[in-house]
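Q: One file is attached below, start22.cif, containing mmCIF, C-alpha atoms.
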```cif
data_input
loop_
_atom_site.label_atom_id
_atom_site.label_comp_id
_atom_site.auth_asym_id
_atom_site.auth_seq_id
_atom_site.Cartn_x
_atom_site.Cartn_y
_atom_site.Cartn_z
CA MET F 1357 98.36 117.62 84.61
CA GLU F 1358 95.04 116.67 83.06
CA GLY F 1359 96.73 114.11 80.82
CA ARG F 1360 98.28 112.51 83.83
CA THR F 1361 94.92 112.36 85.60
CA TRP F 1362 93.32 110.86 82.51
CA GLY F 1363 96.09 108.26 82.38
CA CYS F 1364 95.38 107.38 86.00
CA TRP F 1365 91.71 106.82 85.26
CA VAL F 1366 92.70 104.38 82.55
CA ASN F 1367 95.15 102.44 84.71
CA CYS F 1368 93.75 102.68 88.24
CA SER F 1369 91.81 100.00 90.05
CA ALA F 1370 88.10 100.55 90.81
CA GLY F 1371 88.93 101.18 94.49
CA ALA F 1372 91.51 103.84 93.66
CA GLN F 1373 89.09 105.50 91.21
CA VAL F 1374 86.29 105.61 93.77
CA SER F 1375 88.65 106.96 96.43
CA ARG F 1376 89.88 109.69 94.07
CA LEU F 1377 86.37 110.59 92.96
CA GLN F 1378 85.26 110.85 96.60
CA ASN F 1379 88.13 113.23 97.39
CA GLN F 1380 87.30 115.36 94.36
CA LEU F 1381 83.57 115.41 95.18
CA THR F 1382 84.35 116.47 98.76
CA GLY F 1383 86.57 119.29 97.48
CA VAL F 1384 83.98 120.49 94.97
CA SER F 1385 81.01 120.29 97.37
CA ALA F 1386 83.00 122.07 100.12
CA TYR F 1387 83.35 125.05 97.78
CA LEU F 1388 79.76 124.95 96.51
CA THR F 1389 78.18 124.72 99.97
CA GLY F 1390 80.71 127.01 101.65
CA ASP F 1391 82.20 129.80 99.61
CA PHE F 1392 80.02 129.85 96.53
CA PHE F 1393 76.92 131.38 98.21
CA LYS F 1394 78.86 133.48 100.72
CA LEU F 1395 80.51 135.43 97.93
CA PRO F 1396 77.38 137.15 96.46
CA GLU F 1397 76.12 137.90 99.98
CA GLU F 1398 79.40 139.60 100.92
CA LEU F 1399 79.53 141.39 97.60
CA LEU F 1400 76.00 142.74 98.09
CA ARG F 1401 76.76 143.98 101.61
CA PHE F 1402 80.05 145.51 100.43
CA THR F 1403 78.42 147.36 97.49
CA ALA F 1404 75.40 148.61 99.48
CA THR F 1405 77.62 149.90 102.29
CA LEU F 1406 80.00 151.49 99.81
CA VAL F 1407 77.20 153.34 97.97
CA TRP F 1408 75.71 154.61 101.20
CA LEU F 1409 79.05 155.75 102.62
CA GLN F 1410 79.86 157.39 99.28
CA THR F 1411 76.78 159.60 99.65
CA ILE F 1412 77.79 160.60 103.19
CA SER F 1413 81.52 161.28 102.65
CA PRO F 1414 83.19 160.47 99.32
CA GLY F 1415 86.66 161.40 100.61
CA LEU F 1416 86.53 159.11 103.60
CA THR F 1417 85.07 156.27 101.50
CA ALA F 1418 87.98 156.56 99.06
CA GLY F 1419 90.36 156.33 102.04
CA ALA F 1420 88.65 153.18 103.24
CA LEU F 1421 89.00 151.65 99.79
CA LEU F 1422 92.73 152.43 99.40
CA PRO F 1423 93.94 149.08 100.81
CA LEU F 1424 91.96 147.34 98.09
CA THR F 1425 94.56 148.41 95.53
CA LEU F 1426 97.11 146.38 97.50
CA LEU F 1427 94.80 143.53 98.43
CA LEU F 1428 93.48 142.73 94.98
CA PRO F 1429 96.81 141.83 93.30
CA TYR F 1430 97.89 140.12 96.52
CA ALA F 1431 94.71 138.02 96.51
CA LEU F 1432 95.26 136.99 92.89
CA LEU F 1433 98.85 135.97 93.64
CA THR F 1434 97.73 134.10 96.77
CA GLY F 1435 95.09 132.20 94.81
CA ARG F 1436 97.65 131.07 92.27
CA VAL F 1437 100.10 129.90 94.94
CA ILE F 1438 97.38 128.04 96.88
CA GLY F 1439 96.11 126.40 93.67
CA ARG F 1440 99.62 125.20 92.83
CA GLU F 1441 100.19 123.80 96.33
CA THR F 1442 96.78 122.07 96.25
CA ARG F 1443 97.63 120.35 92.98
CA LYS F 1444 101.00 119.20 94.36
CA SER F 1445 99.33 117.82 97.46
CA ARG F 1446 96.69 116.05 95.36
CA THR F 1447 99.38 114.50 93.13
CA ALA F 1448 101.23 113.21 96.20
CA LEU F 1449 97.98 111.75 97.58
CA GLU F 1450 97.35 110.04 94.25
CA GLY F 1451 100.87 108.57 94.40
CA MET F 1452 100.13 107.13 97.82
CA ASN F 1453 96.79 105.68 96.71
CA THR F 1454 98.43 104.18 93.63
CA PHE F 1455 100.97 102.38 95.77
CA ALA F 1456 98.20 100.80 97.82
CA GLY F 1457 96.24 100.05 94.62
CA VAL F 1458 99.02 98.05 92.94
CA LEU F 1459 99.34 95.60 95.83
CA PRO F 1460 96.87 92.96 94.54
CA ALA F 1461 98.54 92.80 91.10
CA LEU F 1462 102.01 92.65 92.66
CA PHE F 1463 101.19 89.95 95.19
CA PRO F 1464 102.91 87.11 93.24
CA VAL F 1465 106.03 89.23 92.68
CA VAL F 1466 106.17 90.29 96.32
CA ARG F 1467 105.94 86.65 97.45
CA LEU F 1468 108.26 85.06 94.89
CA TYR F 1469 110.94 87.74 95.01
CA ASP F 1470 110.60 88.50 98.72
CA ALA F 1471 109.92 92.16 97.90
CA GLY F 1472 107.94 93.09 101.04
CA SER F 1473 110.60 95.52 102.24
CA LEU F 1474 110.70 97.28 98.84
CA LEU F 1475 106.95 97.74 98.95
CA GLN F 1476 107.06 98.96 102.54
CA GLU F 1477 109.84 101.44 101.77
CA GLY F 1478 108.05 102.67 98.64
CA TYR F 1479 104.84 103.24 100.56
CA ARG F 1480 106.70 105.04 103.34
CA LEU F 1481 108.31 107.37 100.77
CA ALA F 1482 104.93 108.04 99.10
CA LEU F 1483 103.43 108.76 102.53
CA ASP F 1484 106.31 111.13 103.38
CA ARG F 1485 105.86 112.94 100.06
CA TRP F 1486 102.14 113.39 100.67
CA GLN F 1487 102.69 114.48 104.27
CA GLY F 1488 105.29 117.03 103.16
CA ALA F 1489 103.07 118.38 100.37
CA ALA F 1490 99.98 118.57 102.60
CA LEU F 1491 101.89 120.32 105.40
CA ARG F 1492 103.46 122.76 102.96
CA SER F 1493 100.07 123.52 101.42
CA GLU F 1494 98.56 124.22 104.86
CA ARG F 1495 101.56 126.30 105.95
CA VAL F 1496 101.56 128.42 102.78
CA SER F 1497 97.78 128.98 103.05
CA ALA F 1498 98.05 129.99 106.72
CA LEU F 1499 100.94 132.38 106.02
CA LEU F 1500 99.25 134.02 103.06
CA MET F 1501 95.97 134.38 104.97
CA THR F 1502 97.76 136.00 107.91
CA LEU F 1503 99.32 138.60 105.63
CA SER F 1504 95.99 139.29 103.96
CA GLY F 1505 94.44 139.75 107.44
CA LEU F 1506 97.10 142.34 108.22
CA LEU F 1507 96.52 144.14 104.93
CA SER F 1508 92.75 144.22 105.44
CA ALA F 1509 93.25 145.74 108.91
CA LEU F 1510 94.56 148.82 107.09
CA ALA F 1511 90.98 149.78 106.11
CA PRO F 1512 89.64 150.52 109.65
CA ALA F 1513 93.02 152.01 110.63
CA LEU F 1514 92.88 154.42 107.70
CA LEU F 1515 89.25 155.25 108.51
CA PHE F 1516 90.20 156.05 112.07
CA LEU F 1517 93.17 158.23 111.09
CA VAL F 1518 91.64 160.03 108.08
CA GLY F 1519 88.19 160.28 109.72
CA GLY F 1520 89.72 161.55 112.97
CA SER F 1521 91.59 164.31 111.11
CA PHE F 1522 88.34 165.24 109.31
CA VAL F 1523 86.54 165.51 112.66
CA THR F 1524 89.26 167.68 114.23
CA ARG F 1525 89.19 169.96 111.19
CA GLY F 1526 85.39 170.18 111.39
CA LEU F 1527 84.83 168.51 108.01
CA LEU F 1528 82.95 165.56 109.50
CA SER F 1529 80.78 165.07 112.56
CA ALA F 1530 81.78 162.54 115.22
CA GLY F 1531 78.42 160.77 114.65
CA THR F 1532 79.17 160.23 110.96
CA LEU F 1533 82.63 158.87 111.80
CA TYR F 1534 80.99 156.52 114.29
CA ILE F 1535 78.68 155.25 111.50
CA PHE F 1536 81.70 154.80 109.21
CA LEU F 1537 83.64 152.86 111.85
CA ASN F 1538 80.62 150.69 112.61
CA LEU F 1539 80.09 149.83 108.97
CA SER F 1540 83.77 149.45 108.17
CA GLY F 1541 83.42 145.72 108.86
CA ASN F 1542 81.25 145.45 105.76
CA ILE F 1543 84.16 146.88 103.75
CA SER F 1544 87.13 145.26 105.47
CA GLY F 1545 85.41 141.87 105.91
CA PRO F 1546 85.08 141.07 102.19
CA MET F 1547 88.60 142.49 101.65
CA ARG F 1548 89.96 140.18 104.32
CA ASN F 1549 88.11 137.21 102.86
CA LEU F 1550 89.02 137.92 99.24
CA PRO F 1551 92.29 135.89 99.19
CA GLY F 1552 90.45 133.06 100.92
CA HIS F 1553 87.67 133.11 98.33
CA ILE F 1554 90.15 133.11 95.46
CA GLY F 1555 92.15 130.33 97.15
CA SER F 1556 88.98 128.24 97.59
CA TYR F 1557 88.06 128.85 93.98
CA LYS F 1558 91.51 127.65 92.88
CA ARG F 1559 91.12 124.50 95.03
CA PHE F 1560 87.68 123.98 93.50
CA THR F 1561 89.00 124.30 89.94
CA ALA F 1562 91.91 121.92 90.73
CA GLU F 1563 89.49 119.22 91.99
CA HIS F 1564 86.96 119.93 89.25
CA SER F 1565 89.58 119.59 86.50
CA GLY F 1566 90.39 116.10 87.86
CA MET F 1567 86.70 115.13 87.59
CA GLU F 1568 86.52 116.64 84.11
CA GLY F 1569 89.40 114.38 83.02
CA ARG F 1570 87.41 111.38 84.19
CA SER F 1571 84.20 112.54 82.40
CA ARG F 1572 86.10 113.01 79.15
CA TRP F 1573 87.49 109.49 79.39
CA ASP F 1574 83.97 108.12 80.07
CA ARG F 1575 82.65 109.85 76.96
CA GLU F 1576 85.51 108.63 74.80
CA ALA F 1577 85.37 105.05 76.15
CA MET O 446 116.20 70.59 89.94
CA ARG O 447 113.51 67.96 89.73
CA ILE O 448 109.83 68.81 90.20
CA GLN O 449 107.65 66.04 91.58
CA ILE O 450 103.87 66.26 91.99
CA GLU O 451 101.85 63.42 93.55
CA GLY O 452 98.05 63.16 93.93
CA LEU O 453 97.47 66.90 93.69
CA THR O 454 93.83 67.96 93.95
CA PHE O 455 92.80 71.61 94.10
CA SER O 456 89.45 73.41 94.09
CA TYR O 457 88.20 77.00 94.11
CA GLY O 458 85.27 76.52 96.47
CA GLU O 459 83.01 73.93 94.85
CA LYS O 460 84.79 74.09 91.51
CA ARG O 461 87.37 71.31 91.14
CA ILE O 462 90.35 72.57 89.10
CA LEU O 463 92.97 69.84 89.48
CA GLU O 464 92.15 66.17 90.08
CA ASP O 465 94.69 63.69 91.48
CA LEU O 466 97.38 65.21 89.30
CA ARG O 467 100.76 63.51 88.90
CA LEU O 468 103.78 65.02 87.17
CA THR O 469 107.53 64.64 87.19
CA VAL O 470 109.79 67.16 85.48
CA GLU O 471 113.41 66.09 85.45
CA SER O 472 116.22 68.49 86.26
CA GLY O 473 117.01 70.66 83.20
CA GLU O 474 113.95 69.45 81.32
CA ARG O 475 111.64 71.85 79.43
CA VAL O 476 108.00 70.86 79.65
CA GLY O 477 105.19 72.63 77.78
CA LEU O 478 101.68 72.75 79.16
CA LEU O 479 98.68 73.33 76.90
CA GLY O 480 95.04 73.75 77.74
CA VAL O 481 92.00 75.95 77.42
CA SER O 482 91.64 79.23 79.32
CA GLY O 483 90.37 78.61 82.84
CA GLY O 484 91.53 74.99 82.68
CA GLY O 485 93.87 75.32 85.69
CA LYS O 486 97.26 75.86 83.99
CA SER O 487 98.04 79.07 85.89
CA THR O 488 96.71 77.56 89.11
CA LEU O 489 99.13 74.67 88.72
CA LEU O 490 102.05 77.10 88.28
CA LYS O 491 100.95 79.03 91.38
CA LEU O 492 100.83 75.80 93.35
CA ILE O 493 104.27 74.68 92.16
CA SER O 494 105.78 78.10 92.85
CA GLY O 495 104.41 78.14 96.39
CA LEU O 496 102.02 81.04 95.88
CA TYR O 497 99.16 78.69 96.75
CA GLU O 498 99.27 75.93 99.33
CA ALA O 499 98.17 72.46 98.22
CA LYS O 500 95.67 70.90 100.63
CA THR O 501 95.64 67.45 99.02
CA GLY O 502 98.73 65.88 97.45
CA THR O 503 102.39 66.81 97.54
CA ILE O 504 104.59 69.09 95.47
CA SER O 505 108.33 69.06 95.84
CA ILE O 506 111.26 70.68 94.10
CA GLU O 507 114.16 68.41 95.03
CA ASN O 508 113.92 68.39 98.83
CA ALA O 509 111.83 71.55 99.11
CA LYS O 510 108.30 70.49 100.08
CA THR O 511 106.73 73.51 101.79
CA ALA O 512 105.40 76.51 99.85
CA ALA O 513 107.93 78.83 101.52
CA GLU O 514 110.84 76.55 100.57
CA ARG O 515 109.62 76.24 96.96
CA ARG O 516 109.31 80.01 96.57
CA GLN O 517 113.07 80.28 97.12
CA LEU O 518 113.77 77.98 94.16
CA VAL O 519 111.36 79.40 91.60
CA ALA O 520 111.24 82.43 89.31
CA MET O 521 108.07 83.10 87.34
CA VAL O 522 107.27 85.31 84.35
CA MET O 523 103.58 86.02 83.88
CA GLN O 524 101.41 87.23 81.02
CA ASN O 525 101.08 90.83 82.23
CA ALA O 526 104.24 91.81 84.05
CA PRO O 527 103.18 93.97 86.99
CA LEU O 528 105.79 96.58 87.96
CA PHE O 529 106.40 98.42 91.21
CA PRO O 530 105.91 102.20 90.88
CA THR O 531 109.64 102.75 91.33
CA SER O 532 112.84 102.59 89.23
CA ILE O 533 113.79 99.89 86.70
CA ARG O 534 116.69 98.96 89.00
CA GLU O 535 114.44 98.34 92.00
CA ASN O 536 111.98 96.43 89.84
CA ILE O 537 114.82 94.06 88.98
CA THR O 538 116.51 93.82 92.39
CA CYS O 539 113.20 93.92 94.32
CA GLY O 540 115.02 95.91 96.98
CA HIS O 541 117.77 93.33 97.56
CA PRO O 542 121.45 94.28 97.33
CA LEU O 543 122.83 93.28 93.91
CA TRP O 544 126.27 93.74 92.35
CA GLU O 545 126.22 96.30 89.53
CA GLU O 546 127.89 93.74 87.20
CA TRP O 547 125.18 91.22 88.03
CA LEU O 548 122.46 93.77 87.28
CA GLU O 549 124.11 94.70 83.97
CA ALA O 550 124.39 91.03 83.00
CA ALA O 551 120.70 90.47 83.81
CA CYS O 552 119.72 93.52 81.71
CA ARG O 553 121.91 92.33 78.85
CA ALA O 554 120.42 88.83 78.91
CA ALA O 555 116.91 90.30 79.07
CA GLN O 556 117.62 92.45 75.97
CA LEU O 557 117.23 95.67 77.99
CA SER O 558 120.73 97.14 77.59
CA ASP O 559 120.17 99.00 74.29
CA TRP O 560 116.98 100.59 75.55
CA LEU O 561 118.55 101.48 78.93
CA ALA O 562 121.45 103.18 77.13
CA THR O 563 118.98 105.61 75.54
CA LEU O 564 117.52 106.64 78.91
CA PRO O 565 119.18 109.63 80.60
CA GLU O 566 118.84 108.01 84.01
CA GLY O 567 119.51 104.47 82.78
CA PRO O 568 118.30 101.78 85.19
CA ASP O 569 117.31 104.47 87.70
CA THR O 570 114.50 105.65 85.41
CA PHE O 571 111.06 105.67 87.03
CA VAL O 572 108.71 103.19 85.34
CA GLY O 573 105.63 105.26 86.19
CA GLU O 574 102.62 104.53 88.31
CA ARG O 575 101.49 101.04 87.30
CA GLY O 576 104.37 100.90 84.81
CA GLY O 577 102.66 103.54 82.66
CA ARG O 578 105.94 104.92 81.26
CA VAL O 579 107.17 101.68 79.71
CA SER O 580 105.69 99.56 76.93
CA GLY O 581 104.28 96.05 77.44
CA GLY O 582 107.39 94.49 75.86
CA GLN O 583 109.75 96.54 78.02
CA ALA O 584 107.79 95.69 81.17
CA GLN O 585 107.93 92.02 80.25
CA ARG O 586 111.70 92.16 79.71
CA ILE O 587 112.11 93.94 83.07
CA ALA O 588 110.21 91.00 84.60
CA ILE O 589 112.59 88.60 82.80
CA ALA O 590 115.62 90.53 84.08
CA ARG O 591 114.12 90.20 87.58
CA ALA O 592 113.85 86.44 87.10
CA ILE O 593 117.41 86.23 85.72
CA ALA O 594 118.73 88.25 88.67
CA LYS O 595 117.11 85.79 91.09
CA ASP O 596 119.02 82.95 89.40
CA ALA O 597 116.46 80.36 90.49
CA PRO O 598 116.93 76.77 89.27
CA VAL O 599 113.26 76.42 88.26
CA ILE O 600 111.58 78.78 85.78
CA LEU O 601 107.82 78.94 85.37
CA LEU O 602 106.47 80.76 82.33
CA ASP O 603 102.79 81.69 82.23
CA GLU O 604 102.01 82.79 78.65
CA PRO O 605 104.81 85.38 78.71
CA THR O 606 104.43 86.41 75.05
CA SER O 607 100.66 86.28 74.58
CA ALA O 608 99.97 89.97 75.24
CA LEU O 609 102.61 91.27 72.81
CA ASP O 610 102.79 91.95 69.07
CA GLY O 611 105.14 90.10 66.70
CA GLU O 612 107.77 92.83 66.51
CA THR O 613 108.25 92.95 70.29
CA THR O 614 108.12 89.18 70.66
CA GLY O 615 111.50 88.68 68.87
CA ALA O 616 113.56 90.41 71.59
CA LEU O 617 111.41 88.81 74.23
CA LEU O 618 112.01 85.29 72.93
CA THR O 619 115.77 85.89 73.00
CA ALA O 620 115.42 87.15 76.58
CA LEU O 621 113.40 84.07 77.53
CA GLU O 622 115.98 81.82 75.92
CA ASN O 623 118.70 83.43 78.05
CA LEU O 624 116.54 83.10 81.16
CA THR O 625 115.72 79.42 80.75
CA ARG O 626 119.10 78.10 79.53
CA GLY O 627 120.15 75.15 81.70
CA LYS O 628 117.12 75.44 84.01
CA THR O 629 114.12 73.25 84.72
CA VAL O 630 111.28 74.91 82.81
CA LEU O 631 107.52 74.58 82.85
CA HIS O 632 106.01 76.72 80.08
CA VAL O 633 102.25 77.28 80.04
CA SER O 634 100.52 78.41 76.86
CA HIS O 635 97.30 77.98 74.91
CA ARG O 636 99.24 78.21 71.60
CA PRO O 637 101.19 75.04 70.67
CA GLU O 638 103.59 76.97 68.36
CA THR O 639 105.13 78.78 71.37
CA LEU O 640 106.14 75.42 72.90
CA ARG O 641 108.29 74.19 70.01
CA ASP O 642 111.50 74.16 72.05
CA CYS O 643 109.99 71.99 74.80
CA THR O 644 111.20 68.42 75.16
CA ARG O 645 107.69 67.29 76.15
CA VAL O 646 104.26 68.86 75.81
CA LEU O 647 101.34 67.96 78.06
CA ARG O 648 97.69 68.94 77.92
CA LEU O 649 95.69 69.85 81.02
CA GLU O 650 92.09 68.84 80.58
CA GLY O 651 89.39 68.21 83.17
CA GLY O 652 91.93 68.69 85.93
CA ARG O 653 94.22 65.91 84.63
CA LEU O 654 97.38 65.85 82.51
CA TYR O 655 97.63 64.01 79.18
CA ALA O 656 100.58 63.61 76.82
CA GLU O 657 100.14 65.70 73.67
#
```
Please lay out the structure from this file as structure tokens.
A:
Amino acid sequence: MEGRTWGCWVNCSAGAQVSRLQNQLTGVSAYLTGDFFKLPEELLRFTATLVWLQTISPGLTAGALLPLTLLLPYALLTGRVIGRETRKSRTALEGMNTFAGVLPALFPVVRLYDAGSLLQEGYRLALDRWQGAALRSERVSALLMTLSGLLSALAPALLFLVGGSFVTRGLLSAGTLYIFLNLSGNISGPMRNLPGHIGSYKRFTAEHSGMEGRSRWDREA
Amino acid sequence: MRIQIEGLTFSYGEKRILEDLRLTVESGERVGLLGVSGGGKSTLLKLISGLYEAKTGTISIENAKTAAERRQLVAMVMQNAPLFPTSIRENITCGHPLWEEWLEAACRAAQLSDWLATLPEGPDTFVGERGGRVSGGQAQRIAIARAIAKDAPVILLDEPTSALDGETTGALLTALENLTRGKTVLHVSHRPETLRDCTRVLRLEGGRLYAE
């Protein structure tokens, strides 16, 4: 993948290079300004809440954490799938840009060999490929995020069920359960967002690796 | 087909490239054109082929006088053969319907057949974005096959071998020989040794043509 990107930097026109660099910069800065600083904040809130709840009721806290054993591997898998789809979509976009970029060099051939229809058809195919890849990437992301939302909803549900049984058996006061339910957002929120964070990180690394390929070429040139 | 140029003057903005140029190339004749880089040789080929429109003077290929009419009668092979990011086949046919036998004959004449036989997908092999999956010599021979497939009566060659090494040039020269056989040829170069097979060699200097 990187070799292919490097090859593109060697062969592409200045316009195509700038366009690609802009896309990559947008992808990288979206992660840095969006997810990058949200992650430590969520992690801090999650850990502080967890420690406090642990001191109040270790049993109930363990119950609230149970879905994490399912969510964590799911989030890792999701991240990988989203990263792969992002790369496919980016490759298709590059293909489309390349087609537009070759036009000036091909102008004499298009005119002399009356190849306008070939060019038009080729561009339409490249556009269709990109559209298909982009739609698939969005669809897969949406589906995976929906499932992760469902999984993360298990945390408050478990709290309600396990905590309720504790209250009826006199092991926990209703007030403590109320505190647990109120703070459960601090536990379930980061769990719900985890696949999204990993997915964003994968998108970030996919865009960043493209920029790295260009930097390496600059150094070697 | 006969090429006739009368009183052709052409400028890029303020810079005069061709000055009251006159030239006649008889049907089936091979004319070489020498000159320094930036001297207007490629511009002249673009004007003859109909890629550029002449504002002063006339250019005709037999009865074809307009740029659009001339484009139908001309095939050109340039220094760096640009390829469409599609298959070898489509780079040769340019999207037009072509008999398989005709395509094979064009590939054979362009010295592509042996190489195509080694490719699992043959002529349907993708040449890569910007032709990145084929060598310079192969790209040039694809361009020659494209010109052969067009079967135009006038062939314009714009330094077709200058970007290649000696080993690749052998097959390319054979391909060019097959392309130009029996056609009216105008071959532009800055190296006189590449114009040995021309019946006449002219020099373009200061926008005018001189016999070499």
Q: For chain O against chain F, with a cut-off of 10 Å and counting all atoms listed in the file, what is the closest atom pair and its distance in Å to one decimal for every residue that makes the cut, ordered by chain and number, as a tab-separated table?
A:
```
residue	atom	partner	partner_atom	distance
O:Lys491	CA	F:Pro1464	CA	8.5
O:Ser494	CA	F:Leu1468	CA	7.7
O:Gly495	CA	F:Leu1468	CA	8.1
O:Leu496	CA	F:Pro1464	CA	6.7
O:Tyr497	CA	F:Pro1464	CA	9.9
O:Ala513	CA	F:Arg1467	CA	9.0
O:Arg515	CA	F:Leu1468	CA	9.2
O:Arg516	CA	F:Leu1468	CA	5.4
O:Gln517	CA	F:Leu1468	CA	7.1
O:Leu518	CA	F:Leu1468	CA	9.0
O:Val519	CA	F:Leu1468	CA	7.2
O:Ala520	CA	F:Leu1468	CA	6.9
O:Met521	CA	F:Leu1468	CA	7.8
O:Val522	CA	F:Val1465	CA	9.3
O:Met523	CA	F:Pro1464	CA	9.4
O:Asn525	CA	F:Ala1461	CA	9.4
O:Ala526	CA	F:Leu1462	CA	8.9
O:Pro527	CA	F:Leu1462	CA	5.9
O:Leu528	CA	F:Leu1462	CA	7.2
O:Phe529	CA	F:Leu1462	CA	7.4
O:Pro530	CA	F:Phe1455	CA	7.0
O:Thr531	CA	F:Gly1478	CA	7.5
O:Glu535	CA	F:Leu1474	CA	7.9
O:Asn536	CA	F:Leu1474	CA	9.1
O:Ile537	CA	F:Tyr1469	CA	9.6
O:Thr538	CA	F:Tyr1469	CA	8.7
O:Cys539	CA	F:Ala1471	CA	5.2
O:Gly540	CA	F:Leu1474	CA	4.9
O:His541	CA	F:Ala1471	CA	7.9
O:Glu574	CA	F:Thr1454	CA	6.8
O:Arg575	CA	F:Val1458	CA	6.8
O:Gly576	CA	F:Asn1367	CA	9.3
O:Gly577	CA	F:Asn1367	CA	7.9
O:Ala588	CA	F:Val1465	CA	9.3
O:Arg591	CA	F:Tyr1469	CA	8.4
O:Ala592	CA	F:Tyr1469	CA	8.5
O:Lys595	CA	F:Tyr1469	CA	7.6
```
Q: List the spatial neighbours of Arg626 of chain O as JSON, numbers by chain - criterion: any atom at most 12 Å away, only C-alpha atoms, same-chain residues fewer than 4 positions off excluded.
A: {"O": [473, 474, 475, 554, 593, 596, 597, 598, 599, 600, 619, 620, 621, 622, 630, 642, 643]}
Q: With the file shown as input, list the residues that the PyMOL selection byres ((chain F and resi 1489-1493) around 7) selects, as a PyMOL selection string.
A: chain F and resi 1438+1441-1442+1444-1445+1448+1485-1488+1494-1497
Q: Restricting the output to C-alpha atoms, write the selected residues as a PDB file, keeping the file's coordinate frame.
A:
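Saved result, part_24.pdb, follows:
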```
ATOM      1  CA  ILE F1438      97.380 128.040  96.880  1.00  0.00           C
ATOM      2  CA  GLU F1441     100.190 123.800  96.330  1.00  0.00           C
ATOM      3  CA  THR F1442      96.780 122.070  96.250  1.00  0.00           C
ATOM      4  CA  LYS F1444     101.000 119.200  94.360  1.00  0.00           C
ATOM      5  CA  SER F1445      99.330 117.820  97.460  1.00  0.00           C
ATOM      6  CA  ALA F1448     101.230 113.210  96.200  1.00  0.00           C
ATOM      7  CA  ARG F1485     105.860 112.940 100.060  1.00  0.00           C
ATOM      8  CA  TRP F1486     102.140 113.390 100.670  1.00  0.00           C
ATOM      9  CA  GLN F1487     102.690 114.480 104.270  1.00  0.00           C
ATOM     10  CA  GLY F1488     105.290 117.030 103.160  1.00  0.00           C
ATOM     11  CA  GLU F1494      98.560 124.220 104.860  1.00  0.00           C
ATOM     12  CA  ARG F1495     101.560 126.300 105.950  1.00  0.00           C
ATOM     13  CA  VAL F1496     101.560 128.420 102.780  1.00  0.00           C
ATOM     14  CA  SER F1497      97.780 128.980 103.050  1.00  0.00           C
TER      15      SER F1497
END
```
Q: Starting from the displayed file, determine the output of the PyMOL selection byres ((chain O and resi 645-656) around 9) and express the residue list as JSON, numbers by chain.
A: {"O": [454, 455, 461, 462, 463, 464, 465, 466, 467, 468, 474, 475, 476, 477, 478, 479, 480, 481, 484, 485, 486, 637, 640, 641, 642, 643, 644, 657]}
Q: State, in Å with one decimal place, the distance from atom CA of Ser1544 of chain F to atom CA of Leu1528 of chain F.
A: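 Distance between the two atoms: 21.1 Å.
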Q: Which distance in Å separates atom CA of Thr625 of chain O and atom CA of Ala590 of chain O, to one decimal?
A: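 Distance between the two atoms: 11.6 Å.
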Q: Select, counting only C-alpha atoms, all protein, DNA and RNA residues no farther than 12 Å from (95.6, 144.1, 95.7) in file coordinates, and express the selection as a list of chain:residue names.
A: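 Those within range, by chain then number, are F:Leu1421, F:Leu1422, F:Pro1423, F:Leu1424, F:Thr1425, F:Leu1426, F:Leu1427, F:Leu1428, F:Pro1429, F:Tyr1430, F:Ala1431, F:Leu1432, F:Leu1433, F:Thr1434, F:Gly1435, F:Leu1503, F:Ser1504, F:Leu1507, F:Ser1508, F:Met1547, F:Arg1548, F:Leu1550, F:Pro1551.
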Q: Could you check which of O:Leu453, O:Ala550, O:Gly567, O:Leu490 is closest to Leu601 of chain O, using only C-alpha atoms?
A: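 Selected residue with least distance to Leu601 of chain O: O:Leu490.
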Q: Show me, as number ranges by chain, the residues that have an atom within 12 Å of Gly1519 of chain F when counting only C-alpha atoms, minus same-chain residues fewer than 2 positions from it.
A: F: 1413-1420, 1511-1517, 1521-1537, 1540
